[in-house]
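**Student:** The file below is model28.pdb, PDB, C-alpha atoms, pLDDT in the B column:
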```
ATOM      1  CA  MET A   1      10.796-210.841  15.272  1.00 73.00           C
ATOM      2  CA  PRO A   2       7.549-212.549  16.322  1.00 81.00           C
ATOM      3  CA  GLN A   3       5.674-214.527  13.682  1.00 89.00           C
ATOM      4  CA  ARG A   4       2.618-212.259  13.996  1.00 88.00           C
ATOM      5  CA  ASP A   5       4.790-209.268  12.973  1.00 87.00           C
ATOM      6  CA  LEU A   6       6.168-211.207   9.991  1.00 89.00           C
ATOM      7  CA  ASP A   7       2.584-212.058   9.027  1.00 89.00           C
ATOM      8  CA  VAL A   8       1.809-208.306   8.952  1.00 91.00           C
ATOM      9  CA  VAL A   9       4.861-207.662   6.739  1.00 94.00           C
ATOM     10  CA  ILE A  10       3.808-210.438   4.372  1.00 92.00           C
ATOM     11  CA  ALA A  11       0.202-209.206   4.202  1.00 93.00           C
ATOM     12  CA  LYS A  12       0.796-205.447   4.097  1.00 95.00           C
ATOM     13  CA  GLY A  13       4.342-205.252   2.748  1.00 94.00           C
ATOM     14  CA  ARG A  14       5.631-203.280   5.723  1.00 95.00           C
ATOM     15  CA  PHE A  15       5.690-203.236   9.529  1.00 95.00           C
ATOM     16  CA  GLU A  16       7.006-200.469  11.789  1.00 95.00           C
ATOM     17  CA  ASP A  17       7.761-200.541  15.521  1.00 94.00           C
ATOM     18  CA  GLU A  18       9.533-198.458  18.171  1.00 94.00           C
ATOM     19  CA  GLY A  19      11.024-199.641  21.420  1.00 94.00           C
ATOM     20  CA  TRP A  20      14.095-200.255  23.506  1.00 94.00           C
ATOM     21  CA  ARG A  21      16.737-202.471  21.915  1.00 95.00           C
ATOM     22  CA  VAL A  22      20.096-203.830  23.099  1.00 95.00           C
ATOM     23  CA  ARG A  23      23.336-203.289  21.196  1.00 93.00           C
ATOM     24  CA  LYS A  24      25.973-206.011  20.888  1.00 94.00           C
ATOM     25  CA  ASN A  25      27.948-204.261  23.647  1.00 97.00           C
ATOM     26  CA  GLY A  26      24.960-204.561  26.009  1.00 96.00           C
ATOM     27  CA  SER A  27      23.938-200.881  26.001  1.00 95.00           C
ATOM     28  CA  THR A  28      20.329-200.000  25.297  1.00 95.00           C
ATOM     29  CA  PHE A  29      18.915-197.559  22.767  1.00 96.00           C
ATOM     30  CA  TRP A  30      15.468-196.381  21.641  1.00 96.00           C
ATOM     31  CA  ALA A  31      14.965-197.651  18.108  1.00 96.00           C
ATOM     32  CA  ASN A  32      12.573-197.275  15.219  1.00 97.00           C
ATOM     33  CA  MET A  33      12.486-200.448  13.129  1.00 96.00           C
ATOM     34  CA  VAL A  34      10.949-200.779   9.686  1.00 97.00           C
ATOM     35  CA  PHE A  35      10.542-204.234   8.180  1.00 96.00           C
ATOM     36  CA  THR A  36       9.752-204.531   4.474  1.00 97.00           C
ATOM     37  CA  ALA A  37       8.848-207.573   2.383  1.00 97.00           C
ATOM     38  CA  ILE A  38      11.164-208.125  -0.594  1.00 97.00           C
ATOM     39  CA  ARG A  39       9.329-209.619  -3.563  1.00 96.00           C
ATOM     40  CA  ASP A  40      10.409-210.634  -7.059  1.00 96.00           C
ATOM     41  CA  GLN A  41       8.765-209.368 -10.255  1.00 96.00           C
ATOM     42  CA  ASN A  42       6.103-212.095  -9.932  1.00 96.00           C
ATOM     43  CA  GLY A  43       5.170-211.005  -6.417  1.00 94.00           C
ATOM     44  CA  ASN A  44       6.763-214.000  -4.715  1.00 95.00           C
ATOM     45  CA  LEU A  45       8.233-213.332  -1.292  1.00 95.00           C
ATOM     46  CA  ARG A  46      12.040-213.464  -1.481  1.00 96.00           C
ATOM     47  CA  GLY A  47      12.907-212.205   1.997  1.00 95.00           C
ATOM     48  CA  PHE A  48      12.765-209.241   4.320  1.00 95.00           C
ATOM     49  CA  ALA A  49      14.652-205.989   4.781  1.00 96.00           C
ATOM     50  CA  LYS A  50      15.068-204.405   8.200  1.00 95.00           C
ATOM     51  CA  LEU A  51      16.041-200.787   8.852  1.00 96.00           C
ATOM     52  CA  THR A  52      16.844-199.780  12.438  1.00 96.00           C
ATOM     53  CA  ARG A  53      17.272-196.140  13.429  1.00 96.00           C
ATOM     54  CA  ASP A  54      18.661-194.989  16.773  1.00 96.00           C
ATOM     55  CA  LEU A  55      16.203-192.433  18.170  1.00 96.00           C
ATOM     56  CA  THR A  56      17.648-192.313  21.690  1.00 95.00           C
ATOM     57  CA  GLU A  57      18.401-188.588  21.590  1.00 94.00           C
ATOM     58  CA  ARG A  58      14.925-187.756  20.313  1.00 93.00           C
ATOM     59  CA  LYS A  59      13.395-189.913  23.042  1.00 91.00           C
ATOM     60  CA  ARG A  60      15.530-188.144  25.667  1.00 92.00           C
ATOM     61  CA  LEU A  61      14.502-184.701  24.385  1.00 95.00           C
ATOM     62  CA  ASP A  62      10.827-185.739  24.350  1.00 91.00           C
ATOM     63  CA  GLN A  63      11.166-186.725  28.015  1.00 92.00           C
ATOM     64  CA  VAL A  64      12.864-183.404  28.848  1.00 94.00           C
ATOM     65  CA  MET A  65       9.965-181.539  27.183  1.00 96.00           C
ATOM     66  CA  GLN A  66       7.378-183.582  29.082  1.00 94.00           C
ATOM     67  CA  ASP A  67       9.172-182.874  32.365  1.00 94.00           C
ATOM     68  CA  LYS A  68       9.355-179.132  31.605  1.00 95.00           C
ATOM     69  CA  ASN A  69       5.672-179.049  30.653  1.00 95.00           C
ATOM     70  CA  ALA A  70       4.797-180.740  33.943  1.00 93.00           C
ATOM     71  CA  GLU A  71       6.904-178.147  35.820  1.00 94.00           C
ATOM     72  CA  LEU A  72       5.137-175.310  33.977  1.00 94.00           C
ATOM     73  CA  GLU A  73       1.695-176.745  34.745  1.00 93.00           C
ATOM     74  CA  SER A  74       2.647-177.074  38.404  1.00 92.00           C
ATOM     75  CA  ALA A  75       3.979-173.502  38.527  1.00 92.00           C
ATOM     76  CA  LYS A  76       0.829-172.227  36.781  1.00 93.00           C
ATOM     77  CA  ALA A  77      -1.421-173.996  39.288  1.00 89.00           C
ATOM     78  CA  LEU A  78       0.623-172.612  42.179  1.00 90.00           C
ATOM     79  CA  ALA A  79       0.444-169.062  40.746  1.00 89.00           C
ATOM     80  CA  GLU A  80      -3.327-169.332  40.258  1.00 88.00           C
ATOM     81  CA  LYS A  81      -3.718-170.569  43.828  1.00 87.00           C
ATOM     82  CA  ALA A  82      -1.589-167.675  45.113  1.00 85.00           C
ATOM     83  CA  ASN A  83      -3.649-165.228  43.054  1.00 84.00           C
ATOM     84  CA  LEU A  84      -6.873-166.546  44.553  1.00 83.00           C
ATOM     85  CA  ALA A  85      -5.460-166.377  48.063  1.00 80.00           C
ATOM     86  CA  LYS A  86      -4.311-162.779  47.437  1.00 77.00           C
ATOM     87  CA  SER A  87      -7.706-161.700  46.105  1.00 75.00           C
ATOM     88  CA  ASP A  88      -9.440-163.383  49.070  1.00 70.00           C
ATOM     89  CA  SER A  89      -7.215-161.422  51.456  1.00 67.00           C
ATOM     90  CA  PHE A  90      -7.972-158.066  49.845  1.00 64.00           C
ATOM     91  CA  PRO A  91     -11.689-157.798  49.046  1.00 63.00           C
ATOM     92  CA  ALA A  92     -12.685-155.205  46.497  1.00 58.00           C
TER
END
```
Could you express the structure from this file as structure tokens?

**Tutor:**
Amino acid sequence: MPQRDLDVVIAKGRFEDEGWRVRKNGSTFWANMVFTAIRDQNGNLRGFAKLTRDLTERKRLDQVMQDKNAELESAKALAEKANLAKSDSFPA
């Protein structure tokens, strides 16, 4: 973790990030990481806690939805173009 991120945790008590990470076996996964400062009852910094969640499936589904939305927009534009061409061919 870069020092600037640790500085944020120290100052604000928490830092959150998402991105691609590598497992010990070399495979990659999309992760959400939350870093939290651990302090004693006097407020002195004792250490840090890190929680990592695998969000690969959510990331994949988000990409599928984006792709489908792009397909729908393309189909809509094509249908509108065809409608205009049809109405130009048959004047009222």

**Student:** A:Arg14: which residues within 8 Å, counting only C-alpha atoms, same-chain residues fewer than 6 positions away excluded, as a JSON list (two decimals) with C-alpha atoms, keeping the file's coordinate frame?

**Tutor:**
```json
[["chain", "number", "residue", "atom", "x", "y", "z"],
["A", 8, "VAL", "CA", 1.81, -208.31, 8.95],
["A", 34, "VAL", "CA", 10.95, -200.78, 9.69],
["A", 35, "PHE", "CA", 10.54, -204.23, 8.18],
["A", 36, "THR", "CA", 9.75, -204.53, 4.47],
["A", 37, "ALA", "CA", 8.85, -207.57, 2.38]]
```

**Student:** Any idea what's packed within 12 Å of A:Thr52, counting all atoms listed in the file, ignoring anything in its chain fewer than 6 positions away? Could you give it as a tab-separated table (two decimals) with C-alpha atoms, in the frame of the given file?

**Tutor:**
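Once written, part_19.tsv looks like this:
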```tsv
chain	number	residue	atom	x	y	z
A	16	GLU	CA	7.01	-200.47	11.79
A	17	ASP	CA	7.76	-200.54	15.52
A	18	GLU	CA	9.53	-198.46	18.17
A	19	GLY	CA	11.02	-199.64	21.42
A	20	TRP	CA	14.10	-200.26	23.51
A	21	ARG	CA	16.74	-202.47	21.92
A	22	VAL	CA	20.10	-203.83	23.10
A	23	ARG	CA	23.34	-203.29	21.20
A	29	PHE	CA	18.92	-197.56	22.77
A	30	TRP	CA	15.47	-196.38	21.64
A	31	ALA	CA	14.96	-197.65	18.11
A	32	ASN	CA	12.57	-197.28	15.22
A	33	MET	CA	12.49	-200.45	13.13
A	34	VAL	CA	10.95	-200.78	9.69
A	35	PHE	CA	10.54	-204.23	8.18
A	36	THR	CA	9.75	-204.53	4.47
```

**Student:** Counting only C-alpha atoms, which residue out of A:Leu45, A:Leu51, A:Asn25, A:Arg60 sits closest to A:Asp7?

**Tutor:**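 Answer, going by the shortest atom-to-atom distance: A:Leu45.
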
**Student:** One number please: atom CA of A:Ser27 to atom CA of A:Arg4, in Å, one decimal.

**Tutor:**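 Atom-to-atom, atom CA of A:Ser27 to atom CA of A:Arg4, that is 27.0 Å.
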
**Student:** To one decimal in Å, tell me the separation between atom CA of A:Arg53 and atom CA of A:Lys12.

**Tutor:**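 Distance between the two atoms: 21.1 Å.
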
**Student:** Just the number, please: distance in Å from atom CA of A:Lys24 to atom CA of A:Arg46, one decimal.

**Tutor:** 27.4 Å

**Student:** Name the closest residue to A:Met1 among the candidates A:Ala85, A:Val64, A:Lys50, A:Glu73; distances are taken between atoms, counting all atoms listed in the file.

**Tutor:**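 Among A:Ala85, A:Val64, A:Lys50, A:Glu73, it is A:Lys50 that comes nearest to A:Met1.
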